[in-house]
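Here's coords_6.pdb, which has PDB, C-alpha atoms, pLDDT in the B column:
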```pdb
ATOM      1  CA  MET C 607     -17.633 -12.244 -13.868  1.00 50.00           C
ATOM      2  CA  GLU C 608     -18.458 -14.712 -11.099  1.00 61.00           C
ATOM      3  CA  LEU C 609     -17.522 -13.464  -7.628  1.00 66.00           C
ATOM      4  CA  GLU C 610     -16.943 -15.625  -4.564  1.00 73.00           C
ATOM      5  CA  PRO C 611     -19.609 -14.084  -2.281  1.00 72.00           C
ATOM      6  CA  ARG C 612     -17.768 -14.775   1.002  1.00 83.00           C
ATOM      7  CA  SER C 613     -14.357 -13.509  -0.108  1.00 88.00           C
ATOM      8  CA  GLY C 614     -13.382 -10.192   1.425  1.00 89.00           C
ATOM      9  CA  VAL C 615     -10.373  -9.970  -0.900  1.00 92.00           C
ATOM     10  CA  ALA C 616     -12.493 -10.533  -4.017  1.00 93.00           C
ATOM     11  CA  ARG C 617     -15.022  -7.922  -2.888  1.00 94.00           C
ATOM     12  CA  SER C 618     -12.201  -5.493  -2.130  1.00 95.00           C
ATOM     13  CA  ASN C 619     -10.751  -6.039  -5.594  1.00 94.00           C
ATOM     14  CA  LEU C 620     -14.176  -5.456  -7.156  1.00 94.00           C
ATOM     15  CA  GLY C 621     -14.544  -2.293  -5.060  1.00 96.00           C
ATOM     16  CA  ALA C 622     -11.152  -1.061  -6.270  1.00 95.00           C
ATOM     17  CA  ALA C 623     -12.173  -1.730  -9.878  1.00 96.00           C
ATOM     18  CA  LEU C 624     -15.422   0.180  -9.378  1.00 96.00           C
ATOM     19  CA  THR C 625     -13.447   3.053  -7.853  1.00 96.00           C
ATOM     20  CA  ALA C 626     -11.197   3.118 -10.916  1.00 96.00           C
ATOM     21  CA  GLU C 627     -14.344   3.437 -13.040  1.00 97.00           C
ATOM     22  CA  HIS C 628     -15.522   6.344 -10.827  1.00 97.00           C
ATOM     23  CA  ARG C 629     -18.509   4.293  -9.638  1.00 97.00           C
ATOM     24  CA  TYR C 630     -17.925   5.367  -6.067  1.00 97.00           C
ATOM     25  CA  ALA C 631     -21.317   4.523  -4.533  1.00 97.00           C
ATOM     26  CA  ASP C 632     -21.135   0.988  -5.947  1.00 97.00           C
ATOM     27  CA  ALA C 633     -17.539   0.747  -4.762  1.00 97.00           C
ATOM     28  CA  VAL C 634     -18.493   1.751  -1.224  1.00 97.00           C
ATOM     29  CA  ALA C 635     -21.176  -0.945  -1.119  1.00 97.00           C
ATOM     30  CA  GLU C 636     -18.689  -3.637  -2.195  1.00 95.00           C
ATOM     31  CA  LEU C 637     -15.944  -2.379   0.093  1.00 97.00           C
ATOM     32  CA  GLU C 638     -18.280  -2.290   3.078  1.00 97.00           C
ATOM     33  CA  ARG C 639     -19.084  -5.936   2.334  1.00 95.00           C
ATOM     34  CA  ALA C 640     -15.351  -6.630   2.055  1.00 96.00           C
ATOM     35  CA  VAL C 641     -14.510  -5.203   5.481  1.00 96.00           C
ATOM     36  CA  ALA C 642     -17.509  -6.960   7.032  1.00 95.00           C
ATOM     37  CA  LEU C 643     -16.188 -10.269   5.677  1.00 94.00           C
ATOM     38  CA  ARG C 644     -12.537  -9.567   6.487  1.00 93.00           C
ATOM     39  CA  PRO C 645     -12.252  -6.778   9.086  1.00 92.00           C
ATOM     40  CA  GLY C 646      -8.463  -7.006   9.339  1.00 90.00           C
ATOM     41  CA  TYR C 647      -7.857  -6.422   5.617  1.00 94.00           C
ATOM     42  CA  ALA C 648      -6.130  -3.031   5.544  1.00 95.00           C
ATOM     43  CA  GLU C 649      -6.257  -2.697   1.757  1.00 96.00           C
ATOM     44  CA  ALA C 650     -10.061  -2.882   1.802  1.00 97.00           C
ATOM     45  CA  TRP C 651     -10.232  -0.170   4.475  1.00 97.00           C
ATOM     46  CA  ASN C 652      -7.889   2.030   2.453  1.00 96.00           C
ATOM     47  CA  ASN C 653      -9.921   1.516  -0.739  1.00 96.00           C
ATOM     48  CA  LEU C 654     -13.083   2.307   1.204  1.00 97.00           C
ATOM     49  CA  GLY C 655     -11.500   5.565   2.352  1.00 97.00           C
ATOM     50  CA  ILE C 656     -10.657   6.507  -1.229  1.00 97.00           C
ATOM     51  CA  SER C 657     -14.216   5.918  -2.429  1.00 97.00           C
ATOM     52  CA  LEU C 658     -15.764   7.708   0.543  1.00 97.00           C
ATOM     53  CA  GLU C 659     -13.455  10.658  -0.010  1.00 96.00           C
ATOM     54  CA  ALA C 660     -14.527  10.823  -3.665  1.00 96.00           C
ATOM     55  CA  LEU C 661     -18.142  11.011  -2.457  1.00 97.00           C
ATOM     56  CA  ARG C 662     -17.129  13.874  -0.115  1.00 97.00           C
ATOM     57  CA  ARG C 663     -17.936  11.784   2.961  1.00 97.00           C
ATOM     58  CA  SER C 664     -14.828  13.070   4.689  1.00 95.00           C
ATOM     59  CA  ASP C 665     -15.477  11.934   8.258  1.00 95.00           C
ATOM     60  CA  GLU C 666     -16.214   8.389   7.136  1.00 97.00           C
ATOM     61  CA  ALA C 667     -13.196   8.427   4.812  1.00 96.00           C
ATOM     62  CA  GLU C 668     -10.942   9.513   7.666  1.00 95.00           C
ATOM     63  CA  ALA C 669     -12.274   6.711   9.874  1.00 95.00           C
ATOM     64  CA  ALA C 670     -11.616   4.174   7.099  1.00 96.00           C
ATOM     65  CA  TYR C 671      -8.075   5.485   6.587  1.00 96.00           C
ATOM     66  CA  ARG C 672      -7.418   5.325  10.336  1.00 93.00           C
ATOM     67  CA  ARG C 673      -8.644   1.728  10.417  1.00 93.00           C
ATOM     68  CA  ALA C 674      -6.373   0.876   7.458  1.00 94.00           C
ATOM     69  CA  ILE C 675      -3.388   2.293   9.336  1.00 93.00           C
ATOM     70  CA  ALA C 676      -4.324   0.426  12.527  1.00 89.00           C
ATOM     71  CA  GLU C 677      -4.695  -2.861  10.651  1.00 91.00           C
ATOM     72  CA  ARG C 678      -1.358  -2.405   8.858  1.00 91.00           C
ATOM     73  CA  LEU C 679       0.354  -1.618  12.151  1.00 88.00           C
ATOM     74  CA  ALA C 680      -1.254  -4.637  13.835  1.00 86.00           C
ATOM     75  CA  ALA C 681      -0.087  -6.892  10.992  1.00 86.00           C
ATOM     76  CA  ALA C 682       3.472  -5.541  11.282  1.00 86.00           C
ATOM     77  CA  VAL C 683       3.512  -6.064  15.059  1.00 83.00           C
ATOM     78  CA  SER C 684       2.184  -9.576  14.583  1.00 81.00           C
ATOM     79  CA  ARG C 685       4.889 -10.390  12.034  1.00 81.00           C
ATOM     80  CA  GLY C 686       7.560  -8.949  14.299  1.00 80.00           C
ATOM     81  CA  SER C 687       6.327 -10.757  17.378  1.00 78.00           C
ATOM     82  CA  ASN C 688       6.489 -14.077  15.557  1.00 78.00           C
ATOM     83  CA  ASN C 689      10.147 -13.538  14.679  1.00 82.00           C
ATOM     84  CA  ASP C 690      12.380 -16.023  16.530  1.00 84.00           C
ATOM     85  CA  ALA C 691      14.981 -13.385  17.460  1.00 87.00           C
ATOM     86  CA  VAL C 692      12.267 -11.153  18.924  1.00 82.00           C
ATOM     87  CA  LYS C 693      10.783 -14.072  20.872  1.00 80.00           C
ATOM     88  CA  LYS C 694      14.219 -14.837  22.345  1.00 86.00           C
ATOM     89  CA  LYS C 695      14.683 -11.211  23.457  1.00 86.00           C
ATOM     90  CA  TYR C 696      11.290 -11.200  25.122  1.00 82.00           C
ATOM     91  CA  ALA C 697      12.072 -14.474  26.895  1.00 84.00           C
ATOM     92  CA  ALA C 698      15.529 -13.252  27.981  1.00 89.00           C
ATOM     93  CA  ASN C 699      13.860 -10.269  29.639  1.00 88.00           C
ATOM     94  CA  GLY C 700      11.116 -12.320  31.264  1.00 86.00           C
ATOM     95  CA  VAL C 701       8.431 -10.786  29.093  1.00 82.00           C
ATOM     96  CA  GLU C 702       5.392 -12.721  27.947  1.00 79.00           C
ATOM     97  CA  PRO C 703       3.795 -10.385  25.400  1.00 74.00           C
ATOM     98  CA  GLU C 704       0.103 -10.448  24.597  1.00 74.00           C
ATOM     99  CA  PHE C 705      -0.959  -9.219  21.201  1.00 73.00           C
ATOM    100  CA  SER C 706      -4.449  -8.413  20.041  1.00 74.00           C
ATOM    101  CA  THR C 707      -6.201  -7.050  17.003  1.00 76.00           C
ATOM    102  CA  PRO C 708      -7.114  -3.351  16.903  1.00 76.00           C
ATOM    103  CA  ALA C 709     -10.765  -4.287  17.517  1.00 78.00           C
ATOM    104  CA  GLU C 710      -9.857  -6.415  20.550  1.00 80.00           C
ATOM    105  CA  TYR C 711      -7.664  -3.628  21.920  1.00 76.00           C
ATOM    106  CA  GLN C 712     -10.427  -1.061  21.418  1.00 77.00           C
ATOM    107  CA  ALA C 713     -12.888  -3.316  23.265  1.00 81.00           C
ATOM    108  CA  GLN C 714     -10.398  -3.744  26.136  1.00 82.00           C
ATOM    109  CA  ILE C 715      -9.888   0.024  26.425  1.00 81.00           C
ATOM    110  CA  ALA C 716     -13.676   0.560  26.500  1.00 82.00           C
ATOM    111  CA  ALA C 717     -14.059  -2.093  29.215  1.00 84.00           C
ATOM    112  CA  ASP C 718     -11.223  -0.533  31.249  1.00 83.00           C
ATOM    113  CA  PHE C 719     -12.811   2.919  31.034  1.00 79.00           C
ATOM    114  CA  LYS C 720     -16.163   1.502  32.112  1.00 84.00           C
ATOM    115  CA  SER C 721     -14.763  -0.371  35.112  1.00 83.00           C
ATOM    116  CA  GLY C 722     -12.528   2.565  36.048  1.00 80.00           C
ATOM    117  CA  GLY C 723     -15.499   4.909  35.960  1.00 77.00           C
ATOM    118  CA  GLN C 724     -17.507   2.554  38.162  1.00 80.00           C
ATOM    119  CA  LEU C 725     -14.648   2.402  40.670  1.00 77.00           C
ATOM    120  CA  ILE C 726     -14.273   6.188  40.747  1.00 80.00           C
ATOM    121  CA  ARG C 727     -18.020   6.657  41.313  1.00 80.00           C
ATOM    122  CA  SER C 728     -18.153   3.934  43.983  1.00 85.00           C
ATOM    123  CA  ILE C 729     -15.462   5.580  46.132  1.00 85.00           C
ATOM    124  CA  GLY C 730     -16.804   9.082  45.511  1.00 82.00           C
ATOM    125  CA  LEU C 731     -13.606  10.399  43.960  1.00 77.00           C
ATOM    126  CA  ARG C 732     -13.974  13.875  42.452  1.00 77.00           C
ATOM    127  CA  ALA C 733     -11.606  16.234  40.673  1.00 75.00           C
ATOM    128  CA  ASP C 734     -10.726  19.421  42.553  1.00 72.00           C
ATOM    129  CA  LYS C 735     -12.137  22.552  41.014  1.00 58.00           C
TER     130      LYS C 735
END
```
What is this structure when it is put down as structure tokens?
Amino acid sequence: MELEPRSGVARSNLGAALTAEHRYADAVAELERAVALRPGYAEAWNNLGISLEALRRSDEAEAAYRRAIAERLAAAVSRGSNNDAVKKKYAANGVEPEFSTPAEYQAQIAADFKSGGQLIRSIGLRADK
């Protein structure tokens, strides 16, 4: 079988097929390539979790499952935010929503924590004991 090397979906499908054949280590390798090529593809993250779980790599499996959930939720929010009725409600309430991917949101949270920590240290703020 010829596989499109840059297709995250094709690599995810191959990983799922390898999982079905109980070739979990091979599946993980393909699924890791899949999520590297297409990080927002929830199905690949879920399949990766299944294969990692079969290899008893529980912490990694949990992280993959969590990413699958986050990507599915982000896709649902994106679909909802592009709905004309939703856009009208936002506009009627003077809201201009900003949506981001889970990775972008995670990076923003990390940046906010860093800048907040710098501010707290610069003004000498301390928690009472």
Residue contacts of Arg663 (chain C) (12 Å, all atoms listed in the file) excluding same-chain residues fewer than 5 positions away, as a list of chain:residue names:
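So, after excluding close chain neighbours, the residues are C:Tyr630, C:Ala631, C:Val634, C:Leu654, C:Gly655, C:Ile656, C:Ser657, C:Leu658, C:Glu668, C:Ala669, C:Ala670.
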Pick the closest to Thr707 (chain C) from C:Asn689, C:Ser684, C:Ser721, C:Ser618: which is it, counting all atoms listed in the file?
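Smallest distance to Thr707 (chain C) is found for C:Ser684.
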Rounded to one decimal in Å, what is the spacing between CA of His628 (chain C) and CA of Asn653 (chain C)?
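These two atoms are separated by 12.5 Å.
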Any chance you could work out the axis-aligned box around region 662-671 of chain C, listed atoms only, 5 Å on each side, giving centre and edge lengths in Å to one decimal, as AutoDock Vina command-line options?
```
--center_x -13.0 --center_y 9.0 --center_z 4.9 --size_x 19.9 --size_y 19.7 --size_z 20.0
```
Which of these, C:Leu725, C:Ala676, C:Val683, C:Ala642, has the shortest distance to Ala709 (chain C) once you count only C-alpha atoms?
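When distances to Ala709 (chain C) are compared using only C-alpha atoms, the smallest one comes from C:Ala676.
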Got a sec to check which residues sit within 12 Å of (7.0, -13.8, 18.3), counting only C-alpha atoms, and write them as a ChimeraX atom specification?
/C:682-697,701-705
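In terms of minimum interatomic distance to Glu659 (chain C), C:Ala633 ranks closest within C:Ala640, C:Ala633, C:Ile675, C:Val615, counting only C-alpha atoms.
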Pick out the residues sitting within 8 Å of Tyr647 (chain C), and hand them over as a list in words; count only C-alpha atoms, and ignore anything fewer than 2 positions along from it in its own chain.
Gly614, Val615, Val641, Arg644, Pro645, Glu649, Ala650, Trp651, Ala674 and Glu677 of chain C
Can you pull out every residue within 9 Å of Arg612 (chain C), counting all atoms listed in the file, but drop anything in the same chain fewer than 4 positions away, and send it as a compact mmCIF listing (two decimals) with C-alpha atoms, in the frame of the given file?
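Wrote selection-v1.txt, looks like this:
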```
# COMPACT_ATOMS: atom_id res chain seq x y z
CA ALA C 616 -12.49 -10.53 -4.02
CA ARG C 617 -15.02 -7.92 -2.89
CA ALA C 640 -15.35 -6.63 2.06
CA LEU C 643 -16.19 -10.27 5.68
```
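Reported to one decimal place, the separation of CA of Leu620 (chain C) from CA of Ala635 (chain C) is 10.3 Å.
One finds CA of Tyr671 (chain C) at 12.8 Å from CA of Gly646 (chain C).
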